[in-house]
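K.L.:
Next up, work_0.txt (compact mmCIF, C-alpha atoms).
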# COMPACT_ATOMS: atom_id res chain seq x y z
CA VAL E 4 -3.49 17.10 9.87
CA VAL E 5 -0.10 16.56 11.48
CA ALA E 6 0.18 20.14 12.75
CA LYS E 7 -3.32 19.97 14.18
CA ALA E 8 -2.47 16.70 15.90
CA TRP E 9 0.57 18.36 17.46
CA ALA E 10 -1.36 21.44 18.54
CA ASP E 11 -4.59 19.78 19.66
CA PRO E 12 -4.29 16.69 21.89
CA ALA E 13 -7.98 15.81 21.46
CA TYR E 14 -7.58 15.79 17.66
CA LYS E 15 -4.43 13.69 17.94
CA GLN E 16 -6.36 11.15 19.98
CA ARG E 17 -9.09 11.02 17.33
CA LEU E 18 -6.48 10.71 14.58
CA LEU E 19 -4.88 7.72 16.28
CA THR E 20 -8.11 5.95 17.22
CA ASP E 21 -10.42 6.72 14.25
CA THR E 22 -8.09 7.91 11.52
CA ASP E 23 -10.61 8.04 8.67
CA ALA E 24 -13.01 10.23 10.64
CA ALA E 25 -10.25 12.54 11.85
CA LEU E 26 -8.92 12.97 8.30
CA ALA E 27 -12.44 13.65 7.04
CA GLU E 28 -12.80 16.46 9.60
CA LEU E 29 -10.15 18.33 7.61
CA GLY E 30 -11.50 17.25 4.24
CA TYR E 31 -9.12 14.38 3.48
CA GLY E 32 -10.12 10.92 2.33
CA GLY E 33 -11.43 9.26 -0.81
CA GLN E 34 -10.19 6.50 -3.04
CA GLN E 35 -7.05 4.75 -1.82
CA GLY E 36 -7.53 6.54 1.47
CA GLU E 37 -10.54 4.65 2.79
CA HIS E 38 -8.96 2.53 5.47
CA MET E 39 -6.34 4.79 6.95
CA ARG E 40 -4.36 4.23 10.08
CA ALA E 41 -2.11 6.83 11.68
CA LEU E 42 1.12 5.59 13.30
CA GLU E 43 2.65 7.75 15.98
CA ASN E 44 6.38 8.30 16.09
CA THR E 45 7.71 8.89 19.59
CA SER E 46 11.10 9.21 21.27
CA LYS E 47 11.11 5.39 21.45
CA VAL E 48 9.33 4.23 18.28
CA HIS E 49 9.92 5.05 14.61
CA ASN E 50 7.44 3.92 11.95
CA LEU E 51 8.24 3.32 8.28
CA VAL E 52 5.72 2.54 5.53
CA VAL E 53 6.31 0.42 2.41
CA CYS E 54 4.39 -1.82 0.01
CA THR E 55 6.66 -4.69 -0.95
CA LEU E 56 4.16 -6.40 -3.31
CA CYS E 57 3.21 -3.43 -5.48
CA SER E 58 3.22 0.25 -4.54
CA CYS E 59 0.14 0.81 -2.36
CA TYR E 60 0.05 4.36 -1.05
CA PRO E 61 -2.69 6.64 0.33
CA TRP E 62 -3.17 8.57 -2.95
CA SER E 63 -6.10 10.68 -1.83
CA VAL E 64 -4.37 11.73 1.39
CA LEU E 65 -0.67 12.12 0.46
CA GLY E 66 -0.93 12.53 -3.31
CA LEU E 67 0.74 10.21 -5.81
CA PRO E 68 3.92 8.59 -4.50
CA PRO E 69 7.42 9.58 -5.61
CA ALA E 70 9.23 7.17 -7.95
CA TRP E 71 11.55 5.95 -5.20
CA TYR E 72 8.59 4.64 -3.18
CA LYS E 73 7.66 2.44 -6.17
CA SER E 74 11.23 1.32 -6.86
CA ALA E 75 12.50 -2.22 -6.43
CA ALA E 76 15.25 -0.90 -4.16
CA TYR E 77 12.86 0.64 -1.64
CA ARG E 78 10.32 -2.20 -1.84
CA SER E 79 12.90 -4.95 -1.37
CA ARG E 80 15.08 -3.37 1.31
CA SER E 81 12.73 -1.53 3.67
CA VAL E 82 11.53 -4.67 5.41
CA ILE E 83 14.90 -6.39 5.83
CA ASP E 84 17.10 -3.35 6.39
CA PRO E 85 14.98 -0.36 7.48
CA ARG E 86 17.86 1.26 9.33
CA GLY E 87 20.08 1.07 6.26
CA VAL E 88 17.32 2.55 4.10
CA LEU E 89 16.77 5.39 6.57
CA LYS E 90 20.51 6.08 6.61
CA GLU E 91 20.34 6.58 2.84
CA PHE E 92 17.65 9.18 3.48
CA GLY E 93 19.99 10.86 5.94
CA LEU E 94 18.22 9.63 9.04
CA GLU E 95 20.36 7.74 11.51
CA LEU E 96 18.31 6.27 14.35
CA ALA E 97 19.66 5.57 17.83
CA GLU E 98 20.40 1.92 18.58
CA ASP E 99 17.67 1.65 21.20
CA ILE E 100 14.83 3.02 19.02
CA GLU E 101 12.22 0.44 18.03
CA VAL E 102 11.70 0.46 14.27
CA ARG E 103 8.28 -0.68 13.07
CA VAL E 104 7.95 -1.33 9.36
CA TRP E 105 4.39 -1.40 8.00
CA ASP E 106 4.09 -3.42 4.80
CA SER E 107 0.78 -2.20 3.35
CA ASN E 108 0.02 -5.50 1.68
CA ALA E 109 -3.79 -5.26 2.10
CA GLU E 110 -6.24 -2.36 1.72
CA LEU E 111 -5.14 -0.54 4.88
CA ARG E 112 -3.20 2.64 4.12
CA TYR E 113 -0.76 4.13 6.58
CA LEU E 114 0.15 7.67 7.59
CA VAL E 115 3.05 8.34 9.93
CA LEU E 116 2.45 11.01 12.53
CA PRO E 117 5.99 12.36 12.93
CA ASP E 118 7.23 13.56 16.30
CA ARG E 119 7.03 17.28 16.88
CA PRO E 120 10.44 18.91 16.48
CA VAL E 121 12.20 20.14 19.59
CA GLY E 122 12.12 23.93 19.75
CA SER E 123 8.69 24.26 18.10
CA GLU E 124 6.80 24.67 21.37
CA GLN E 125 5.88 28.31 20.73
CA MET E 126 4.83 27.80 17.11
CA SER E 127 1.22 28.04 15.95
CA GLU E 128 -0.59 25.30 14.04
CA ASP E 129 -0.12 27.22 10.77
CA GLU E 130 3.59 27.67 11.39
CA LEU E 131 3.93 23.99 12.25
CA ALA E 132 2.07 22.90 9.12
CA VAL E 133 4.76 24.48 6.92
CA LEU E 134 7.40 22.21 8.47
CA VAL E 135 5.66 18.90 7.70
CA THR E 136 6.97 17.02 4.66
CA ARG E 137 5.62 14.12 2.65
CA ASP E 138 8.72 12.09 3.49
CA SER E 139 8.07 12.53 7.22
CA MET E 140 4.57 11.10 6.76
CA VAL E 141 5.98 8.02 4.98
CA GLY E 142 8.54 7.64 7.76
CA VAL E 143 11.78 8.21 5.83
CA ALA E 144 12.46 11.59 7.46
CA LYS E 145 11.93 13.49 10.67
CA VAL E 146 10.39 16.93 10.80
CA THR E 147 12.99 19.57 11.60
CA LEU E 148 12.86 23.31 12.15
CA SER E 149 15.27 24.03 9.31
CA GLN E 150 13.90 22.68 6.05
CA MET M 1 2.26 -16.50 -6.90
CA SER M 2 5.89 -16.40 -5.88
CA GLY M 3 6.82 -13.92 -8.59
CA VAL M 4 9.40 -11.18 -8.75
CA HIS M 5 6.81 -8.64 -7.59
CA ASP M 6 7.05 -10.29 -4.14
CA MET M 7 10.41 -8.65 -3.49
CA GLY M 8 10.42 -7.94 0.24
CA GLY M 9 13.85 -8.97 1.58
CA MET M 10 15.51 -9.48 -1.80
CA HIS M 11 19.04 -8.23 -2.36
CA GLY M 12 20.72 -6.64 -5.34
CA MET M 13 18.26 -3.87 -6.21
CA GLY M 14 20.85 -1.16 -5.62
CA PRO M 15 20.65 2.15 -3.77
CA ILE M 16 17.40 4.12 -3.59
CA GLN M 17 17.42 6.72 -6.37
CA ARG M 18 15.80 9.98 -5.39
CA GLU M 19 15.06 12.87 -7.69
CA LYS M 20 15.10 16.47 -6.49
CA ASN M 21 11.90 18.41 -7.27
CA GLU M 22 10.37 15.31 -8.82
CA PRO M 23 7.36 16.09 -11.03
CA VAL M 24 4.14 14.14 -10.41
CA PHE M 25 4.46 12.73 -13.94
CA HIS M 26 7.65 12.54 -15.99
CA ALA M 27 5.86 12.57 -19.34
CA ARG M 28 2.41 13.34 -20.69
CA TRP M 29 1.76 9.68 -21.51
CA GLU M 30 2.24 8.72 -17.85
CA SER M 31 -0.62 10.98 -16.81
CA ARG M 32 -2.78 9.51 -19.57
CA VAL M 33 -2.06 5.96 -18.37
CA TYR M 34 -2.83 7.02 -14.81
CA VAL M 35 -6.18 8.44 -15.93
CA MET M 36 -6.99 5.33 -18.00
CA ASN M 37 -6.29 3.18 -14.97
CA ARG M 38 -8.52 5.26 -12.70
CA ALA M 39 -11.27 5.38 -15.33
CA LEU M 40 -11.14 1.61 -15.62
CA ALA M 41 -11.49 1.32 -11.85
CA LEU M 42 -14.46 3.71 -11.84
CA TRP M 43 -16.13 1.56 -14.45
CA GLY M 44 -16.37 -0.91 -11.59
CA LYS M 45 -16.24 -4.23 -13.40
CA GLY M 46 -12.73 -5.26 -12.37
CA THR M 47 -11.17 -5.47 -8.93
CA ILE M 48 -8.00 -3.89 -7.59
CA ASP M 49 -6.66 -7.39 -7.04
CA ALA M 50 -7.28 -8.34 -10.67
CA SER M 51 -5.34 -5.28 -11.76
CA ARG M 52 -2.47 -6.35 -9.51
CA GLN M 53 -2.60 -9.95 -10.68
CA VAL M 54 -2.22 -9.12 -14.38
CA LYS M 55 0.99 -7.23 -13.62
CA GLU M 56 2.36 -10.04 -11.47
CA VAL M 57 2.13 -12.58 -14.30
CA MET M 58 4.20 -10.45 -16.68
CA PRO M 59 7.50 -12.14 -17.59
CA PRO M 60 9.97 -11.19 -14.83
CA ILE M 61 12.43 -9.67 -17.30
CA ASP M 62 9.67 -7.33 -18.55
CA TYR M 63 8.53 -6.53 -15.01
CA PHE M 64 11.96 -5.17 -14.13
CA ARG M 65 12.60 -3.55 -17.52
CA MET M 66 9.35 -1.60 -17.48
CA SER M 67 8.65 1.53 -15.45
CA TYR M 68 5.69 1.75 -13.09
CA TYR M 69 3.44 3.39 -15.68
CA GLU M 70 4.56 1.01 -18.43
CA ARG M 71 3.48 -1.85 -16.18
CA THR M 72 0.20 -0.06 -15.47
CA TYR M 73 -0.42 0.31 -19.21
CA GLY M 74 0.48 -3.31 -19.87
CA GLY M 75 -1.82 -4.34 -17.05
CA ILE M 76 -4.76 -2.40 -18.46
CA ILE M 77 -4.42 -4.17 -21.80
CA GLU M 78 -4.02 -7.56 -20.14
CA LEU M 79 -7.07 -6.91 -18.04
CA LEU M 80 -9.22 -5.80 -20.94
CA VAL M 81 -8.11 -8.21 -23.60
CA LYS M 82 -5.52 -10.87 -23.09
CA THR M 83 -6.96 -12.54 -20.03
CA GLY M 84 -10.36 -12.30 -21.64
CA LEU M 85 -11.88 -12.09 -18.20
CA LEU M 86 -13.53 -8.74 -18.57
CA LEU M 87 -14.11 -9.34 -22.24
CA VAL M 88 -16.06 -12.48 -21.55
CA LYS M 89 -18.06 -10.82 -18.81
CA THR M 90 -18.78 -7.54 -20.50
CA GLY M 91 -17.77 -7.55 -24.14
CA LEU M 92 -16.23 -4.12 -23.73
CA VAL M 93 -13.22 -4.34 -26.00
CA THR M 94 -11.37 -6.69 -28.36
CA ARG M 95 -7.68 -6.90 -29.15
CA GLU M 96 -8.39 -5.60 -32.66
CA GLU M 97 -9.98 -2.51 -31.16
CA VAL M 98 -7.01 -1.94 -28.85
CA ASN M 99 -4.58 -2.39 -31.75
CA SER M 100 -6.43 -0.05 -34.07
CA GLY M 101 -7.40 2.43 -31.36
CA LYS M 102 -10.89 2.54 -32.85
CA PRO M 103 -14.07 0.95 -31.53
CA ALA M 104 -15.57 -1.69 -33.80
CA LYS M 105 -18.95 -0.92 -35.35
CA GLY M 106 -21.73 -1.66 -32.91
CA SER M 107 -19.39 -2.33 -29.98
CA ALA M 108 -20.81 -1.94 -26.52
CA LYS M 109 -20.06 1.25 -24.63
CA ALA M 110 -19.64 1.58 -20.89
CA THR M 111 -22.87 2.77 -19.35
CA PRO M 112 -23.30 5.15 -17.82
CA PRO M 113 -20.40 6.88 -19.54
CA LEU M 114 -17.79 8.48 -17.32
CA THR M 115 -17.45 12.19 -17.94
CA GLY M 116 -14.66 14.50 -16.86
CA ALA M 117 -17.05 16.52 -14.76
CA GLN M 118 -17.82 13.49 -12.58
CA VAL M 119 -14.21 12.70 -11.79
CA PRO M 120 -13.37 15.05 -8.88
CA ALA M 121 -16.41 13.90 -6.94
CA TRP M 122 -15.69 10.24 -7.73
CA PHE M 123 -12.12 10.46 -6.53
CA ALA M 124 -13.10 12.21 -3.31
CA LYS M 125 -15.66 9.55 -2.53
CA ALA M 126 -14.41 6.60 -0.54
CA VAL M 127 -15.26 3.21 -2.01
CA PRO M 128 -17.66 1.80 0.55
CA LYS M 129 -16.94 -1.60 2.00
CA LYS M 130 -19.46 -4.14 0.81
CA GLN M 131 -21.62 -5.31 3.66
CA GLY M 132 -21.90 -9.09 3.60
CA PRO M 133 -23.25 -11.54 6.12
CA PRO M 134 -21.26 -11.55 9.37
CA VAL M 135 -18.16 -13.74 9.39
CA SER M 136 -16.66 -14.99 12.62
CA ALA M 137 -13.06 -14.21 13.53
CA ARG M 138 -10.73 -17.06 14.44
CA PHE M 139 -8.24 -14.75 16.11
CA GLU M 140 -8.12 -11.68 18.30
CA ALA M 141 -5.50 -9.24 19.51
CA GLY M 142 -2.77 -11.02 21.51
CA HIS M 143 -3.16 -14.40 19.82
CA ARG M 144 0.03 -16.08 18.64
CA VAL M 145 -0.29 -17.11 15.01
CA ARG M 146 1.82 -18.54 12.22
CA ALA M 147 1.58 -17.40 8.62
CA ARG M 148 0.86 -20.62 6.75
CA ASN M 149 3.62 -22.14 4.67
CA ILE M 150 1.62 -22.09 1.45
CA HIS M 151 2.72 -21.23 -2.07
CA PRO M 152 -0.37 -20.51 -4.17
CA GLU M 153 0.25 -20.24 -7.89
CA GLY M 154 -2.48 -17.64 -8.21
CA HIS M 155 -2.73 -14.17 -6.72
CA THR M 156 -2.05 -13.83 -3.01
CA ARG M 157 -1.15 -11.03 -0.59
CA LEU M 158 0.70 -13.40 1.73
CA VAL M 159 4.28 -12.27 1.18
CA ARG M 160 6.95 -14.94 0.82
CA TYR M 161 9.12 -13.53 3.58
CA ALA M 162 6.45 -14.19 6.23
CA ARG M 163 5.43 -17.73 5.25
CA GLY M 164 6.00 -20.17 8.08
CA LYS M 165 6.88 -17.35 10.50
CA GLN M 166 5.25 -16.67 13.85
CA GLY M 167 3.75 -13.38 14.95
CA ILE M 168 1.21 -11.83 17.28
CA VAL M 169 -2.18 -10.50 16.23
CA GLU M 170 -2.13 -6.80 16.99
CA ARG M 171 -5.67 -5.89 15.89
CA ASP M 172 -8.65 -7.14 13.92
CA HIS M 173 -9.48 -4.83 10.99
CA GLY M 174 -12.86 -6.46 10.35
CA VAL M 175 -14.05 -8.29 7.25
CA PHE M 176 -12.50 -7.65 3.82
CA PRO M 177 -12.84 -9.32 0.39
CA PHE M 178 -10.38 -12.17 -0.11
CA PRO M 179 -7.84 -11.18 -2.80
CA ASP M 180 -6.88 -14.76 -3.65
CA ARG M 181 -10.43 -15.23 -4.95
CA VAL M 182 -11.54 -11.87 -6.31
CA ALA M 183 -8.31 -11.34 -8.29
CA HIS M 184 -9.40 -14.27 -10.46
CA PHE M 185 -13.09 -13.28 -10.59
CA LEU M 186 -13.92 -16.29 -8.43
CA PRO M 187 -16.73 -16.01 -5.86
CA ASP M 188 -15.48 -13.97 -2.91
CA LYS M 189 -14.79 -15.51 0.48
CA PRO M 190 -14.91 -12.43 2.73
CA GLN M 191 -13.02 -12.88 5.97
CA HIS M 192 -11.34 -11.09 8.83
CA LEU M 193 -8.14 -9.21 8.16
CA TYR M 194 -5.66 -8.84 11.01
CA SER M 195 -2.66 -6.68 11.68
CA VAL M 196 0.07 -9.11 12.71
CA ARG M 197 3.36 -8.10 14.32
CA PHE M 198 6.42 -10.16 13.39
CA ALA M 199 9.65 -9.65 15.30
CA ALA M 200 12.31 -8.61 12.80
CA ARG M 201 14.52 -11.43 14.17
CA GLU M 202 11.81 -14.02 13.45
CA LEU M 203 11.87 -12.90 9.81
CA TRP M 204 15.54 -12.07 9.24
CA GLY M 205 17.51 -13.70 12.05
CA GLU M 206 20.34 -12.31 14.14
CA GLN M 207 21.13 -9.45 11.79
CA ALA M 208 17.98 -7.65 12.91
CA LYS M 209 17.71 -5.61 16.09
CA PRO M 210 15.81 -7.49 18.83
CA GLN M 211 13.26 -4.70 19.33
CA ASP M 212 12.41 -4.09 15.64
CA ALA M 213 9.29 -5.47 13.98
CA VAL M 214 7.43 -5.75 10.69
CA TYR M 215 3.63 -5.45 10.60
CA LEU M 216 1.59 -7.19 7.91
CA ASP M 217 -2.14 -7.22 7.26
CA LEU M 218 -3.11 -10.87 6.89
CA TRP M 219 -6.39 -12.56 6.05
CA ASP M 220 -7.81 -15.32 8.23
CA ASP M 221 -7.03 -18.04 5.65
CA TYR M 222 -3.34 -17.06 5.68
CA LEU M 223 -3.00 -17.84 9.38
CA GLU M 224 -2.98 -20.80 11.72
CA PRO M 225 -2.97 -20.80 15.52
CA VAL M 226 0.25 -21.49 17.41
Starting from the file, give its structure as structure tokens.

P.N.:
Amino acid sequence: VVAKAWADPAYKQRLLTDTDAALAELGYGGQQGEHMRALENTSKVHNLVVCTLCSCYPWSVLGLPPAWYKSAAYRSRSVIDPRGVLKEFGLELAEDIEVRVWDSNAELRYLVLPDRPVGSEQMSEDELAVLVTRDSMVGVAKVTLSQ
Amino acid sequence: MSGVHDMGGMHGMGPIQREKNEPVFHARWESRVYVMNRALALWGKGTIDASRQVKEVMPPIDYFRMSYYERTYGGIIELLVKTGLLLVKTGLVTREEVNSGKPAKGSAKATPPLTGAQVPAWFAKAVPKKQGPPVSARFEAGHRVRARNIHPEGHTRLVRYARGKQGIVERDHGVFPFPDRVAHFLPDKPQHLYSVRFAARELWGEQAKPQDAVYLDLWDDYLEPV
């Protein structure tokens, strides 16, 4: 989904405006993935997803969450100190970036569309798809060429 | 309720522990609890909010002591037996049956039964939103709102850290069931759900960067106009 969004501007537009339908085009969706919303990371905006009240996560789209996503440390800190949390994940954001934290406290489920790594311009959709990680779609990592 | 589950903004939970090459389940019993939980949901007589509520009322010391799947397991038992809610409505299971692991003679069975073969298709199928009568929206994108300063003792999805704080409606998600009602098997009060943007400084003060924000999905009844 992410690689296709990078490679195909029309798909990216559909993913951002009607996320459920765009995911369904590629066969994704189902329980705990019914009301999806894609959040685009850009050179100015970084999105981070958490569920402070329980551990809501788009199971049918991203799979079951890792233990850290469900931990008290991640749930309590992401909203008050997102930059500190990201630093623990090895991601230091520039001072002027806008950090948007999405607390999935209702039945909406969020998917971060990471920004395409610099230097990947010549890569095909299939090559790009290999680079995309779960963590980048939760917002705790960027996609890089060397992973 | 203002329980320990409502932990956004709390301190003292330590660093985030990550595990390399983490397995989906750490033990066989975790996968069994996961399956029991999904099967219970497919049975369709509870609500996701009820399953959250029964975990929230666990004694705080147990909530923190237990792992995610231990809480899930505890929640399943609470939901089926201790609260009596499903028991009263459906007569599915008694505490004696849970303790013995054996169904009592003549006990009711879930109908239709859920079979393994049905599961992949069930999971892939989105749960459709119930279509109720139209409900009007009090707010629209761009409206300034305040999350009400309320402290319900029952289930709520209005996090503590946003109560009394001002934000801006970013979009209207349409009408959703109202968790504060359906978690307790009370008649639903479906209403509009909005994405609301709160400036990080409004929530956390000067320590936050001026451009940062937290987005919450808030029901109409949680909000008041500014």

K.L.:
Mind pulling up the distance from atom CA of M:Tyr68 to atom CA of E:Ala76?

P.N.:
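These two atoms are separated by 13.3 Å.
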
K.L.:
So that each row is one residue of chain E with an atom at most 7 Å from chain M, can you give its shortest atom pair and the distance in Å to one decimal, using only C-alpha atoms, rows by chain and rising number, as JSON lines?

P.N.:
{"residue": "E:Gly32", "atom": "CA", "partner": "M:Ala124", "partner_atom": "CA", "distance": 6.5}
{"residue": "E:Gly33", "atom": "CA", "partner": "M:Ala126", "partner_atom": "CA", "distance": 4.0}
{"residue": "E:Gln34", "atom": "CA", "partner": "M:Ala126", "partner_atom": "CA", "distance": 4.9}
{"residue": "E:Glu37", "atom": "CA", "partner": "M:Ala126", "partner_atom": "CA", "distance": 5.5}
{"residue": "E:Thr55", "atom": "CA", "partner": "M:Gly8", "partner_atom": "CA", "distance": 5.1}
{"residue": "E:Leu56", "atom": "CA", "partner": "M:Asp6", "partner_atom": "CA", "distance": 4.9}
{"residue": "E:Cys57", "atom": "CA", "partner": "M:His5", "partner_atom": "CA", "distance": 6.7}
{"residue": "E:Leu67", "atom": "CA", "partner": "M:Val24", "partner_atom": "CA", "distance": 6.9}
{"residue": "E:Trp71", "atom": "CA", "partner": "M:Arg18", "partner_atom": "CA", "distance": 5.9}
{"residue": "E:Ala75", "atom": "CA", "partner": "M:Met13", "partner_atom": "CA", "distance": 6.0}
{"residue": "E:Ala76", "atom": "CA", "partner": "M:Met13", "partner_atom": "CA", "distance": 4.7}
{"residue": "E:Tyr77", "atom": "CA", "partner": "M:Ile16", "partner_atom": "CA", "distance": 6.0}
{"residue": "E:Arg78", "atom": "CA", "partner": "M:Gly8", "partner_atom": "CA", "distance": 6.1}
{"residue": "E:Ser79", "atom": "CA", "partner": "M:Gly8", "partner_atom": "CA", "distance": 4.2}
{"residue": "E:Arg80", "atom": "CA", "partner": "M:Gly9", "partner_atom": "CA", "distance": 5.7}
{"residue": "E:Val82", "atom": "CA", "partner": "M:Gly9", "partner_atom": "CA", "distance": 6.2}
{"residue": "E:Ile83", "atom": "CA", "partner": "M:Gly9", "partner_atom": "CA", "distance": 5.1}
{"residue": "E:Glu101", "atom": "CA", "partner": "M:Asp212", "partner_atom": "CA", "distance": 5.1}
{"residue": "E:Val102", "atom": "CA", "partner": "M:Asp212", "partner_atom": "CA", "distance": 4.8}
{"residue": "E:Arg103", "atom": "CA", "partner": "M:Ala213", "partner_atom": "CA", "distance": 5.0}
{"residue": "E:Val104", "atom": "CA", "partner": "M:Val214", "partner_atom": "CA", "distance": 4.6}
{"residue": "E:Trp105", "atom": "CA", "partner": "M:Tyr215", "partner_atom": "CA", "distance": 4.9}
{"residue": "E:Asp106", "atom": "CA", "partner": "M:Leu216", "partner_atom": "CA", "distance": 5.5}
{"residue": "E:Ser107", "atom": "CA", "partner": "M:Leu216", "partner_atom": "CA", "distance": 6.8}
{"residue": "E:Asn108", "atom": "CA", "partner": "M:Arg157", "partner_atom": "CA", "distance": 6.1}
{"residue": "E:Ala109", "atom": "CA", "partner": "M:Asp217", "partner_atom": "CA", "distance": 5.8}

K.L.:
Between atom CA of E:Ser63 and atom CA of E:Met140, what is the distance, to one decimal in Å?

P.N.:
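Result for atom CA of E:Ser63 versus atom CA of E:Met140: 13.7 Å, one decimal.
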
K.L.:
Give me, please, the distance in Å between atom CA of E:Ala41 and atom CA of E:Gly122, quoted to one decimal.

P.N.:
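Taking atom CA of E:Ala41 and atom CA of E:Gly122, their separation equals 23.7 Å.
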
K.L.:
Between E:Tyr113, E:Ser46, E:Lys15, E:Lys145, which residue has the minimum interatomic distance to E:Gly93, considering only C-alpha atoms?

P.N.:
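For E:Gly93, the nearest of the candidates is E:Lys145.
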
K.L.:
Closest to M:Tyr63 among E:Ser74, E:Asp118, E:Ala97, E:Arg40, using all atoms listed in the file?

P.N.:
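Ranked by minimum distance to M:Tyr63, first place goes to E:Ser74.
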
K.L.:
E:Ser58, E:Asn44, E:Val4, E:Glu124: which is nearest E:Glu28, counting all atoms listed in the file?

P.N.:
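The answer is E:Val4, which sits nearest to E:Glu28.
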
K.L.:
Nearest residue to M:Ala183 out of M:Ala141, M:Ala50, M:Leu79, M:Ala41, using all atoms listed in the file?

P.N.:
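Closest to M:Ala183 of all the choices is M:Ala50.
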
K.L.:
Could you check the closest approach to M:Arg95 for each of M:Val135, M:Val145, M:Ile76, M:Leu114 and tell me which residue wins, using all atoms listed in the file?

P.N.:
M:Ile76

K.L.:
Centre and edge lengths, as JSON, for the axis-aligned box enclosing every listed atom of stretch 188-204 of chain M with 4 Å of padding on each of the six sides, in Å to one decimal?

P.N.:
{"center_x": 0.0, "center_y": -11.1, "center_z": 6.2, "size_x": 39.0, "size_y": 16.8, "size_z": 26.2}

K.L.:
Counting all atoms listed in the file, which residue out of M:Asp172, M:Glu224, M:Asp62, M:Asp180 sits closest to M:Gly154?

P.N.:
M:Asp180
